[in-house]
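A short write-up of the structure that comes next.
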2 protein chains.
Amino acid sequence: MHELDQVFTALGDGTRRAILARLSLGEAPLSEVAEPFDMSQTGVSKHVRVLSDAGLVQVTKRGRTRYCRLVAAPMKDAAAWLETYQGFWNDQFQALAEHVERDA
Amino acid sequence: MHELDQVFTALGDGTRRAILARLSLGEAPLSEVAEPFDMSQTGVSKHVRVLSDAGLVQVTKRGRTRYCRLVAAPMKDAAAWLETYQGFWNDQFQALAEHVERDA
DNA sequence: AATATAGTCAACTACTAAGTTGACTATATC
DNA sequence: GATATAGTCAACTTAGTAGTTGACTATATT
């Protein structure tokens, strides 16, 4: 599976994006990451695994606790891929604006 | 399903990213979009449907032909979401660089 | 009118994803 | 040593995804 496949797929889930948002506030044990969600800890653990496989989270075991840490680097590639289309969303907005103007 | 869920999920597949790349060269009939892929046209059609549901492609029927057109606008939101983490991937790269330097 | 082309639709297979529960392991704490 | 806490693992259910094929619809072409 391509790296971008994993990263984009990992980001395509609200729970996982929320986990990343939480981790952007700092490292946290899995139990703390799981706490806000109406979901079993095992369920959250699976989401963390998806993020970890995509390289977006690093899990470190200290004692009986697993600390989760955000690793933003892979997002850079995803953002770079998106930016190759930046011209298009600008152009298309302009094209739409001109079209509206023509109608007016 | 949240818009970002659909957009990121749509982008999490190499075939679909390739379709978008093709459409960035200009509007094309479905048959032409499907041609380079080692997959049935129905299969490609399903991918186009996913892209269309995410708002990334607009399909227009003219005669018996369905023309597919790139709509980049939803990528803007995805890019904006990613950019909120831009500071992290820069910081983390810097942290890594400093760490390497400490070791040297 | 006959035929070819563009594409959909329904039905099916195989696989993956999201979530659960219950039992288990490993580490802390009293 | 007994018990509580952090987390995994395996097994399972449910639902969704990726892909196929064959029959069908609609539009062009000759």
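Labels used: A, B, ... for chains in the order of the structure tokens, numbers from 1 for residues in each chain, and numbers from 1 for ligands as shown.
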
For the structure I just gave you, how does DSSP split segment 54-96 of chain A - specifically, which residues are alpha helix (DSSP H)? Reply as a ChimeraX atom specification. /A:73-83,86-96

Exercise: Gly12 of chain A partners within 7 Å, only C-alpha atoms (C1' of nucleotides), chain neighbours under 5 positions left out, as an NGL selection string: :B and (4-6 or 8-9)

Resulting file, chosen residues, C-alpha atoms, as a PDB file, in the first residue's frame:
```pdb
ATOM      1  CA  LEU B   4     -13.527  15.805   5.103  1.00  0.00           C
ATOM      2  CA  ASP B   5     -14.175  12.109   5.682  1.00  0.00           C
ATOM      3  CA  GLN B   6     -15.356  11.774   2.107  1.00  0.00           C
ATOM      4  CA  PHE B   8      -9.728  12.207   2.492  1.00  0.00           C
ATOM      5  CA  THR B   9     -11.180   8.755   1.940  1.00  0.00           C
TER       6      THR B   9
END
```

Output as a PyMOL selection string the set of chain A residues within 9 Å of chain C, with distances taken over only C-alpha atoms (C1' of nucleotides). chain A and resi 39-40+42-43+46+63-65

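Residue nearest chain B, chosen from A:Ala54, A:Ala28, A:Ala78, A:Ala73 and counting only C-alpha atoms: A:Ala73.
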
With a distance threshold of 10 Å and counting only C-alpha atoms (C1' of nucleotides), extract the residues of chain D near chain B and express them as a VMD selection string. chain D and resid 18 to 21 26 to 28
